[in-house]
>>> print(open('data34.pdb').read())   # PDB, C-alpha atoms and all ligand atoms
ATOM      1  CA  MET Y   1     136.132 119.565  84.604  1.00  0.00           C
ATOM      2  CA  ASN Y   2     135.071 123.141  83.846  1.00  0.00           C
ATOM      3  CA  ILE Y   3     134.480 124.243  80.265  1.00  0.00           C
ATOM      4  CA  ILE Y   4     133.627 127.448  78.443  1.00  0.00           C
ATOM      5  CA  LEU Y   5     131.776 127.079  75.128  1.00  0.00           C
ATOM      6  CA  LEU Y   6     132.207 129.993  72.747  1.00  0.00           C
ATOM      7  CA  GLY Y   7     130.693 130.687  69.371  1.00  0.00           C
ATOM      8  CA  PRO Y   8     128.231 132.923  67.560  1.00  0.00           C
ATOM      9  CA  PRO Y   9     124.446 132.554  67.804  1.00  0.00           C
ATOM     10  CA  GLY Y  10     123.478 129.342  66.018  1.00  0.00           C
ATOM     11  CA  ALA Y  11     126.936 127.758  66.302  1.00  0.00           C
ATOM     12  CA  GLY Y  12     125.516 124.798  68.226  1.00  0.00           C
ATOM     13  CA  LYS Y  13     126.644 125.662  71.771  1.00  0.00           C
ATOM     14  CA  GLY Y  14     123.364 124.490  73.287  1.00  0.00           C
ATOM     15  CA  THR Y  15     123.440 121.182  71.389  1.00  0.00           C
ATOM     16  CA  GLN Y  16     127.039 120.460  72.391  1.00  0.00           C
ATOM     17  CA  ALA Y  17     126.338 121.448  75.992  1.00  0.00           C
ATOM     18  CA  LYS Y  18     123.590 118.779  76.081  1.00  0.00           C
ATOM     19  CA  TYR Y  19     126.055 116.108  74.879  1.00  0.00           C
ATOM     20  CA  LEU Y  20     128.593 117.169  77.507  1.00  0.00           C
ATOM     21  CA  ILE Y  21     125.985 117.030  80.257  1.00  0.00           C
ATOM     22  CA  SER Y  22     125.101 113.434  79.460  1.00  0.00           C
ATOM     23  CA  ALA Y  23     128.698 112.314  78.828  1.00  0.00           C
ATOM     24  CA  PHE Y  24     130.382 113.973  81.815  1.00  0.00           C
ATOM     25  CA  GLY Y  25     127.569 114.950  84.172  1.00  0.00           C
ATOM     26  CA  LEU Y  26     128.498 118.617  83.938  1.00  0.00           C
ATOM     27  CA  LYS Y  27     126.123 121.386  84.937  1.00  0.00           C
ATOM     28  CA  GLN Y  28     125.149 123.718  82.070  1.00  0.00           C
ATOM     29  CA  LEU Y  29     125.059 127.392  82.936  1.00  0.00           C
ATOM     30  CA  SER Y  30     123.382 129.184  80.044  1.00  0.00           C
ATOM     31  CA  THR Y  31     123.123 132.908  80.717  1.00  0.00           C
ATOM     32  CA  GLY Y  32     120.612 133.269  77.852  1.00  0.00           C
ATOM     33  CA  ASP Y  33     118.330 130.654  79.511  1.00  0.00           C
ATOM     34  CA  MET Y  34     118.732 132.380  82.888  1.00  0.00           C
ATOM     35  CA  LEU Y  35     117.774 135.747  81.402  1.00  0.00           C
ATOM     36  CA  ARG Y  36     114.799 134.289  79.511  1.00  0.00           C
ATOM     37  CA  ALA Y  37     113.616 132.603  82.735  1.00  0.00           C
ATOM     38  CA  ALA Y  38     113.854 135.920  84.606  1.00  0.00           C
ATOM     39  CA  ILE Y  39     111.889 137.660  81.838  1.00  0.00           C
ATOM     40  CA  GLU Y  40     109.237 134.914  81.877  1.00  0.00           C
ATOM     41  CA  GLU Y  41     108.929 135.166  85.662  1.00  0.00           C
ATOM     42  CA  GLY Y  42     108.574 138.942  85.466  1.00  0.00           C
ATOM     43  CA  SER Y  43     111.181 139.454  88.219  1.00  0.00           C
ATOM     44  CA  ASP Y  44     112.858 142.838  88.712  1.00  0.00           C
ATOM     45  CA  LEU Y  45     115.865 141.564  86.825  1.00  0.00           C
ATOM     46  CA  GLY Y  46     113.590 140.276  84.057  1.00  0.00           C
ATOM     47  CA  LYS Y  47     111.925 143.656  83.685  1.00  0.00           C
ATOM     48  CA  GLN Y  48     115.285 145.387  83.667  1.00  0.00           C
ATOM     49  CA  VAL Y  49     116.719 143.244  80.839  1.00  0.00           C
ATOM     50  CA  GLN Y  50     113.726 142.420  78.641  1.00  0.00           C
ATOM     51  CA  LEU Y  51     114.125 145.216  76.095  1.00  0.00           C
ATOM     52  CA  ILE Y  52     117.864 144.655  75.879  1.00  0.00           C
ATOM     53  CA  VAL Y  53     117.563 140.913  75.243  1.00  0.00           C
ATOM     54  CA  ASP Y  54     114.690 141.305  72.771  1.00  0.00           C
ATOM     55  CA  SER Y  55     116.693 143.839  70.771  1.00  0.00           C
ATOM     56  CA  GLY Y  56     119.737 141.543  70.587  1.00  0.00           C
ATOM     57  CA  ASN Y  57     122.023 143.835  72.554  1.00  0.00           C
ATOM     58  CA  LEU Y  58     124.182 142.749  75.464  1.00  0.00           C
ATOM     59  CA  VAL Y  59     123.010 143.056  79.044  1.00  0.00           C
ATOM     60  CA  PRO Y  60     125.468 145.268  81.001  1.00  0.00           C
ATOM     61  CA  ASP Y  61     128.597 143.493  82.228  1.00  0.00           C
ATOM     62  CA  ASN Y  62     127.990 144.240  85.930  1.00  0.00           C
ATOM     63  CA  ILE Y  63     124.593 142.496  85.864  1.00  0.00           C
ATOM     64  CA  MET Y  64     125.974 139.455  84.060  1.00  0.00           C
ATOM     65  CA  ILE Y  65     129.050 139.168  86.257  1.00  0.00           C
ATOM     66  CA  GLU Y  66     126.913 139.301  89.394  1.00  0.00           C
ATOM     67  CA  MET Y  67     124.552 136.676  87.955  1.00  0.00           C
ATOM     68  CA  ILE Y  68     127.241 134.180  86.991  1.00  0.00           C
ATOM     69  CA  THR Y  69     129.376 134.679  90.109  1.00  0.00           C
ATOM     70  CA  THR Y  70     126.438 133.831  92.347  1.00  0.00           C
ATOM     71  CA  ARG Y  71     125.479 130.849  90.222  1.00  0.00           C
ATOM     72  CA  ILE Y  72     128.901 129.304  89.697  1.00  0.00           C
ATOM     73  CA  THR Y  73     129.637 128.941  93.403  1.00  0.00           C
ATOM     74  CA  ARG Y  74     126.498 126.898  94.119  1.00  0.00           C
ATOM     75  CA  THR Y  75     127.085 123.289  95.141  1.00  0.00           C
ATOM     76  CA  ASP Y  76     125.584 121.835  91.945  1.00  0.00           C
ATOM     77  CA  CYS Y  77     128.604 123.213  90.040  1.00  0.00           C
ATOM     78  CA  LYS Y  78     131.153 121.380  92.189  1.00  0.00           C
ATOM     79  CA  GLY Y  79     131.165 118.370  89.838  1.00  0.00           C
ATOM     80  CA  GLY Y  80     132.080 120.610  86.892  1.00  0.00           C
ATOM     81  CA  PHE Y  81     130.256 123.133  84.734  1.00  0.00           C
ATOM     82  CA  ILE Y  82     129.830 124.316  81.172  1.00  0.00           C
ATOM     83  CA  LEU Y  83     129.534 128.042  80.619  1.00  0.00           C
ATOM     84  CA  ASP Y  84     127.312 128.672  77.606  1.00  0.00           C
ATOM     85  CA  GLY Y  85     126.801 132.339  76.686  1.00  0.00           C
ATOM     86  CA  PHE Y  86     129.270 133.732  79.197  1.00  0.00           C
ATOM     87  CA  PRO Y  87     131.716 135.447  78.917  1.00  0.00           C
ATOM     88  CA  ARG Y  88     130.600 137.617  76.008  1.00  0.00           C
ATOM     89  CA  THR Y  89     132.928 140.604  76.385  1.00  0.00           C
ATOM     90  CA  VAL Y  90     136.625 140.885  77.194  1.00  0.00           C
ATOM     91  CA  LEU Y  91     135.715 142.555  80.507  1.00  0.00           C
ATOM     92  CA  GLN Y  92     133.486 139.587  81.427  1.00  0.00           C
ATOM     93  CA  ALA Y  93     136.314 137.192  80.537  1.00  0.00           C
ATOM     94  CA  GLU Y  94     138.897 139.092  82.590  1.00  0.00           C
ATOM     95  CA  THR Y  95     136.581 139.396  85.578  1.00  0.00           C
ATOM     96  CA  LEU Y  96     135.727 135.694  85.371  1.00  0.00           C
ATOM     97  CA  THR Y  97     139.427 134.817  85.495  1.00  0.00           C
ATOM     98  CA  GLU Y  98     139.836 136.949  88.658  1.00  0.00           C
ATOM     99  CA  VAL Y  99     136.710 135.703  90.408  1.00  0.00           C
ATOM    100  CA  LEU Y 100     137.523 132.068  89.697  1.00  0.00           C
ATOM    101  CA  SER Y 101     141.133 132.381  90.819  1.00  0.00           C
ATOM    102  CA  GLN Y 102     139.975 133.886  94.156  1.00  0.00           C
ATOM    103  CA  LYS Y 103     137.720 130.876  94.583  1.00  0.00           C
ATOM    104  CA  LYS Y 104     140.443 128.443  93.457  1.00  0.00           C
ATOM    105  CA  ILE Y 105     138.313 127.253  90.570  1.00  0.00           C
ATOM    106  CA  LYS Y 106     140.033 126.511  87.284  1.00  0.00           C
ATOM    107  CA  ILE Y 107     138.778 126.563  83.685  1.00  0.00           C
ATOM    108  CA  ASP Y 108     140.165 123.468  81.939  1.00  0.00           C
ATOM    109  CA  HIS Y 109     139.140 124.128  78.340  1.00  0.00           C
ATOM    110  CA  VAL Y 110     137.721 126.943  76.262  1.00  0.00           C
ATOM    111  CA  ILE Y 111     136.075 125.451  73.199  1.00  0.00           C
ATOM    112  CA  ALA Y 112     135.255 127.759  70.310  1.00  0.00           C
ATOM    113  CA  LEU Y 113     132.845 126.519  67.643  1.00  0.00           C
ATOM    114  CA  ASP Y 114     133.861 128.006  64.321  1.00  0.00           C
ATOM    115  CA  VAL Y 115     130.968 128.405  61.875  1.00  0.00           C
ATOM    116  CA  LYS Y 116     130.643 130.408  58.652  1.00  0.00           C
ATOM    117  CA  LEU Y 117     128.551 133.527  59.241  1.00  0.00           C
ATOM    118  CA  SER Y 118     126.395 132.853  56.161  1.00  0.00           C
ATOM    119  CA  SER Y 119     125.277 129.460  57.460  1.00  0.00           C
ATOM    120  CA  LEU Y 120     124.360 130.874  60.874  1.00  0.00           C
ATOM    121  CA  LEU Y 121     121.549 132.877  59.305  1.00  0.00           C
ATOM    122  CA  ASP Y 122     120.193 129.682  57.691  1.00  0.00           C
ATOM    123  CA  ARG Y 123     120.498 127.695  60.892  1.00  0.00           C
ATOM    124  CA  ILE Y 124     118.572 130.204  62.946  1.00  0.00           C
ATOM    125  CA  ARG Y 125     115.950 130.640  60.229  1.00  0.00           C
ATOM    126  CA  ASN Y 126     115.411 126.878  60.398  1.00  0.00           C
ATOM    127  CA  ARG Y 127     115.332 126.902  64.208  1.00  0.00           C
ATOM    128  CA  ALA Y 128     112.617 129.557  64.091  1.00  0.00           C
ATOM    129  CA  LEU Y 129     110.628 127.542  61.509  1.00  0.00           C
ATOM    130  CA  GLU Y 130     110.855 124.351  63.575  1.00  0.00           C
ATOM    131  CA  THR Y 131     109.675 126.060  66.754  1.00  0.00           C
ATOM    132  CA  ALA Y 132     105.991 126.627  67.496  1.00  0.00           C
ATOM    133  CA  GLN Y 133     105.044 130.303  67.127  1.00  0.00           C
ATOM    134  CA  GLU Y 134     104.379 130.871  70.836  1.00  0.00           C
ATOM    135  CA  GLN Y 135     107.753 129.381  71.824  1.00  0.00           C
ATOM    136  CA  ARG Y 136     109.770 131.274  69.241  1.00  0.00           C
ATOM    137  CA  ARG Y 137     112.440 133.576  70.596  1.00  0.00           C
ATOM    138  CA  GLN Y 138     111.746 137.263  70.078  1.00  0.00           C
ATOM    139  CA  ASP Y 139     115.379 137.797  69.134  1.00  0.00           C
ATOM    140  CA  ASP Y 140     115.402 135.125  66.385  1.00  0.00           C
ATOM    141  CA  ASP Y 141     113.701 137.390  63.847  1.00  0.00           C
ATOM    142  CA  GLU Y 142     115.767 138.264  60.793  1.00  0.00           C
ATOM    143  CA  GLU Y 143     116.804 141.837  61.658  1.00  0.00           C
ATOM    144  CA  THR Y 144     117.575 141.140  65.320  1.00  0.00           C
ATOM    145  CA  LEU Y 145     119.554 138.071  64.377  1.00  0.00           C
ATOM    146  CA  LYS Y 146     121.735 140.074  61.985  1.00  0.00           C
ATOM    147  CA  HIS Y 147     122.271 142.556  64.790  1.00  0.00           C
ATOM    148  CA  ARG Y 148     123.219 139.738  67.231  1.00  0.00           C
ATOM    149  CA  LEU Y 149     125.790 138.478  64.727  1.00  0.00           C
ATOM    150  CA  ASN Y 150     127.313 141.977  64.520  1.00  0.00           C
ATOM    151  CA  VAL Y 151     127.352 142.243  68.302  1.00  0.00           C
ATOM    152  CA  TYR Y 152     129.138 138.884  68.403  1.00  0.00           C
ATOM    153  CA  LYS Y 153     131.780 140.027  65.900  1.00  0.00           C
ATOM    154  CA  GLU Y 154     132.405 143.317  67.644  1.00  0.00           C
ATOM    155  CA  GLN Y 155     132.142 142.452  71.328  1.00  0.00           C
ATOM    156  CA  THR Y 156     132.547 138.703  71.746  1.00  0.00           C
ATOM    157  CA  GLU Y 157     135.064 137.594  69.120  1.00  0.00           C
ATOM    158  CA  PRO Y 158     137.886 139.602  70.778  1.00  0.00           C
ATOM    159  CA  ILE Y 159     137.650 137.091  73.638  1.00  0.00           C
ATOM    160  CA  LEU Y 160     139.214 134.418  71.425  1.00  0.00           C
ATOM    161  CA  PRO Y 161     142.736 135.931  71.441  1.00  0.00           C
ATOM    162  CA  TYR Y 162     142.384 136.491  75.197  1.00  0.00           C
ATOM    163  CA  TYR Y 163     141.933 132.754  75.822  1.00  0.00           C
ATOM    164  CA  GLU Y 164     144.484 131.900  73.144  1.00  0.00           C
ATOM    165  CA  LYS Y 165     147.096 133.832  75.150  1.00  0.00           C
ATOM    166  CA  LEU Y 166     146.093 131.946  78.289  1.00  0.00           C
ATOM    167  CA  GLY Y 167     146.713 128.726  76.356  1.00  0.00           C
ATOM    168  CA  LEU Y 168     143.165 127.497  76.903  1.00  0.00           C
ATOM    169  CA  LEU Y 169     141.593 127.947  73.466  1.00  0.00           C
ATOM    170  CA  LYS Y 170     140.652 124.967  71.288  1.00  0.00           C
ATOM    171  CA  THR Y 171     138.893 125.767  68.030  1.00  0.00           C
ATOM    172  CA  ILE Y 172     136.553 123.155  66.578  1.00  0.00           C
ATOM    173  CA  ASP Y 173     135.001 123.110  63.111  1.00  0.00           C
ATOM    174  CA  GLY Y 174     131.348 123.786  63.875  1.00  0.00           C
ATOM    175  CA  MET Y 175     130.323 123.171  60.254  1.00  0.00           C
ATOM    176  CA  LEU Y 176     130.538 119.400  60.810  1.00  0.00           C
ATOM    177  CA  ALA Y 177     127.470 117.345  61.766  1.00  0.00           C
ATOM    178  CA  PRO Y 178     126.540 117.675  65.464  1.00  0.00           C
ATOM    179  CA  ASP Y 179     127.782 114.201  66.445  1.00  0.00           C
ATOM    180  CA  GLU Y 180     131.087 114.787  64.634  1.00  0.00           C
ATOM    181  CA  VAL Y 181     131.518 118.104  66.424  1.00  0.00           C
ATOM    182  CA  SER Y 182     130.856 116.235  69.647  1.00  0.00           C
ATOM    183  CA  LYS Y 183     133.520 113.660  68.768  1.00  0.00           C
ATOM    184  CA  GLU Y 184     136.066 116.405  68.067  1.00  0.00           C
ATOM    185  CA  ILE Y 185     135.264 118.011  71.410  1.00  0.00           C
ATOM    186  CA  ASN Y 186     135.669 114.684  73.213  1.00  0.00           C
ATOM    187  CA  ASP Y 187     139.068 114.241  71.546  1.00  0.00           C
ATOM    188  CA  VAL Y 188     140.154 117.664  72.832  1.00  0.00           C
ATOM    189  CA  LEU Y 189     138.910 116.861  76.330  1.00  0.00           C
ATOM    190  CA  ALA Y 190     140.782 113.548  76.329  1.00  0.00           C
ATOM    191  CA  GLU Y 191     144.135 115.183  75.476  1.00  0.00           C
TER     192      GLU Y 191
HETATM  193  P1  LIG C 201     122.692 133.096  71.351  1.00  0.00           P
HETATM  194  O1  LIG C 201     123.958 132.397  71.669  1.00  0.00           O
HETATM  195  O2  LIG C 201     121.805 132.298  70.450  1.00  0.00           O
HETATM  196  O3  LIG C 201     122.873 134.506  70.844  1.00  0.00           O
HETATM  197  P2  LIG C 201     121.871 133.308  74.212  1.00  0.00           P
HETATM  198  O4  LIG C 201     120.690 132.530  74.643  1.00  0.00           O
HETATM  199  O5  LIG C 201     123.212 132.909  74.693  1.00  0.00           O
HETATM  200  O6  LIG C 201     121.781 133.327  72.622  1.00  0.00           O
HETATM  201  O7  LIG C 201     121.672 134.863  74.605  1.00  0.00           O
HETATM  202  C1  LIG C 201     120.495 135.580  74.289  1.00  0.00           C
HETATM  203  C2  LIG C 201     120.635 137.038  74.717  1.00  0.00           C
HETATM  204  O8  LIG C 201     120.820 137.117  76.145  1.00  0.00           O
HETATM  205  C3  LIG C 201     121.819 137.806  74.137  1.00  0.00           C
HETATM  206  O9  LIG C 201     121.548 138.322  72.850  1.00  0.00           O
HETATM  207  C4  LIG C 201     121.986 138.922  75.185  1.00  0.00           C
HETATM  208  O10 LIG C 201     121.003 139.912  75.051  1.00  0.00           O
HETATM  209  C5  LIG C 201     121.697 138.188  76.489  1.00  0.00           C
HETATM  210  N1  LIG C 201     122.919 137.614  77.105  1.00  0.00           N
HETATM  211  C6  LIG C 201     123.169 136.295  77.348  1.00  0.00           C
HETATM  212  N2  LIG C 201     124.376 136.123  77.933  1.00  0.00           N
HETATM  213  C7  LIG C 201     124.915 137.365  78.057  1.00  0.00           C
HETATM  214  C8  LIG C 201     126.154 137.853  78.555  1.00  0.00           C
HETATM  215  N3  LIG C 201     127.092 137.024  79.051  1.00  0.00           N
HETATM  216  N4  LIG C 201     126.382 139.196  78.525  1.00  0.00           N
HETATM  217  C9  LIG C 201     125.448 140.044  78.041  1.00  0.00           C
HETATM  218  N5  LIG C 201     124.264 139.647  77.547  1.00  0.00           N
HETATM  219  C10 LIG C 201     123.987 138.326  77.542  1.00  0.00           C
END
>>> encode(input="data34.pdb", output="structure tokens", more="lines below")
Ligand code: ADP
Amino acid sequence: MNIILLGPPGAGKGTQAKYLISAFGLKQLSTGDMLRAAIEEGSDLGKQVQLIVDSGNLVPDNIMIEMITTRITRTDCKGGFILDGFPRTVLQAETLTEVLSQKKIKIDHVIALDVKLSSLLDRIRNRALETAQEQRRQDDDEETLKHRLNVYKEQTEPILPYYEKLGLLKTIDGMLAPDEVSKEINDVLAE
């Protein structure tokens, strides 16, 4: 089973991905984690994207498409994967559809977590408070977060109608408690 998780920063994609990993043995592919690892390592890619990620802007589509295409065809994804953080633009979504169809890989469900914008700010403020200073994400500061939410609205939200048209979109109320959200997702997957 292959799943795409969509939703704004702070919607709970990471938390739900963890549940899905333990329930279904899926492999989580988080592009944000991959980029942060590259930055930490100081690789060429890391150096190229650091300022973009820290400022809350999107890394160019060609870089992201290359990154995910290489990753998704590795053997550890054969048992199913969860895409978390990709696609983030309509071009990424369209290219993903093409690449996967060439490789005869199918997306089974696109799950969108729907959360009120006002509560996202609170959630990420709390995440920053609960995280030790040295582990805090650069892009979780107040101004950058507001910018990330705008970027989501402008560049990522238009993906929802794209998947709706493909008949893959399932919207879940992300304002519920994490285990209730998880239950709703499991119900969708069982359909
Ligand atoms: P969140 O969902 O909390 O915003 P992520 O960890 O998914 O955070 O992403 C962090 C940052 O990494 C984004 O703000 C962006 O700069 C970069 N990034 C991650 N995935 C993509 C993508 N698919 N396309 C472009 N940039 C991306």
>>> resolve_selection(input="data34.pdb", expression="the PyMOL selection byres (((chain Y and resi 87-94) around 6) and not hetatm)", output="PDB file with C-alpha atoms, keeping the file's coordinate frame")
ATOM      1  CA  PHE Y  86     129.270 133.732  79.197  1.00  0.00           C
ATOM      2  CA  THR Y  95     136.581 139.396  85.578  1.00  0.00           C
ATOM      3  CA  LEU Y  96     135.727 135.694  85.371  1.00  0.00           C
ATOM      4  CA  THR Y  97     139.427 134.817  85.495  1.00  0.00           C
ATOM      5  CA  GLN Y 155     132.142 142.452  71.328  1.00  0.00           C
ATOM      6  CA  THR Y 156     132.547 138.703  71.746  1.00  0.00           C
ATOM      7  CA  ILE Y 159     137.650 137.091  73.638  1.00  0.00           C
TER       8      ILE Y 159
END
>>> atom_distance(input="data34.pdb", atom1="atom O9 of ligand LIG 201 (chain C)", atom2="atom CA of Y:Leu121")
14.6 Å
>>> residues_near_ligand(input="data34.pdb", ligand="ligand LIG 201 (chain C)", cutoff="9 Å", atoms="all atoms listed in the file", output="ChimeraX atom specification")
/Y:6-14,30-36,49-61,63-65,68,84-89,92,124,139-140,144-145,148-149,151-152
>>> closest_residue(input="data34.pdb", among="Y:Leu117, Y:Val110, Y:Asp141, Y:Ile3", to="Y:Lys153", atoms="all atoms listed in the file")
Y:Leu117
>>> axis_aligned_box(input="data34.pdb", around="stretch 166-179 of chain Y", padding_each_side="4 Å", output="JSON")
{"center_x": 136.6, "center_y": 123.1, "center_z": 69.3, "size_x": 28.2, "size_y": 25.7, "size_z": 26.0}
>>> resolve_selection(input="data34.pdb", expression="the PyMOL selection byres (((chain Y and resi 169) around 8) and not hetatm)", output="list in words")
His109, Val110, Ile111, Ala112, Leu160, Tyr163, Glu164, Leu166, Gly167, Leu168, Lys170 and Thr171 of chain Y
>>> closest_residue(input="data34.pdb", among="Y:Leu176, Y:Asp108, Y:Thr75, Y:Lys146", to="Y:Leu189", atoms="all atoms listed in the file")
Y:Asp108
>>> closest_residue(input="data34.pdb", among="Y:Ile172, Y:Leu26, Y:Val115, Y:Ala17", to="Y:Asp76", atoms="only C-alpha atoms")
Y:Leu26
>>> closest_residue(input="data34.pdb", among="Y:Asn186, Y:Tyr162, Y:Val181, Y:Asn126", to="Y:Asp114", atoms="all atoms listed in the file")
Y:Val181
>>> atom_distance(input="data34.pdb", atom1="atom CA of Y:Lys47", atom2="atom CA of Y:Gln133")
22.4 Å
>>> closest_residue(input="data34.pdb", among="Y:Gln48, Y:Gln102, Y:Asn62, Y:Asn2", to="Y:Gly79", atoms="all atoms listed in the file")
Y:Asn2
>>> atom_distance(input="data34.pdb", atom1="atom CA of Y:Asp179", atom2="atom CA of Y:His147")
28.9 Å
>>> closest_residue(input="data34.pdb", among="Y:Leu5, Y:Leu45, Y:Gln135, Y:Glu143", to="Y:Ile82", atoms="all atoms listed in the file")
Y:Leu5
>>> resolve_selection(input="data34.pdb", expression="the PyMOL selection byres (((chain Y and resi 23) around 12) and not hetatm)", output="short mmCIF file (atom, residue, chain, number, x, y, z; two decimals) with C-alpha atoms, in the coordinates of the input")
data_model
loop_
_atom_site.label_atom_id
_atom_site.label_comp_id
_atom_site.auth_asym_id
_atom_site.auth_seq_id
_atom_site.Cartn_x
_atom_site.Cartn_y
_atom_site.Cartn_z
CA MET Y 1 136.13 119.56 84.60
CA GLN Y 16 127.04 120.46 72.39
CA ALA Y 17 126.34 121.45 75.99
CA LYS Y 18 123.59 118.78 76.08
CA TYR Y 19 126.06 116.11 74.88
CA LEU Y 20 128.59 117.17 77.51
CA ILE Y 21 125.98 117.03 80.26
CA SER Y 22 125.10 113.43 79.46
CA PHE Y 24 130.38 113.97 81.82
CA GLY Y 25 127.57 114.95 84.17
CA LEU Y 26 128.50 118.62 83.94
CA LYS Y 27 126.12 121.39 84.94
CA SER Y 182 130.86 116.24 69.65
CA LYS Y 183 133.52 113.66 68.77
CA ILE Y 185 135.26 118.01 71.41
CA ASN Y 186 135.67 114.68 73.21
CA LEU Y 189 138.91 116.86 76.33
#
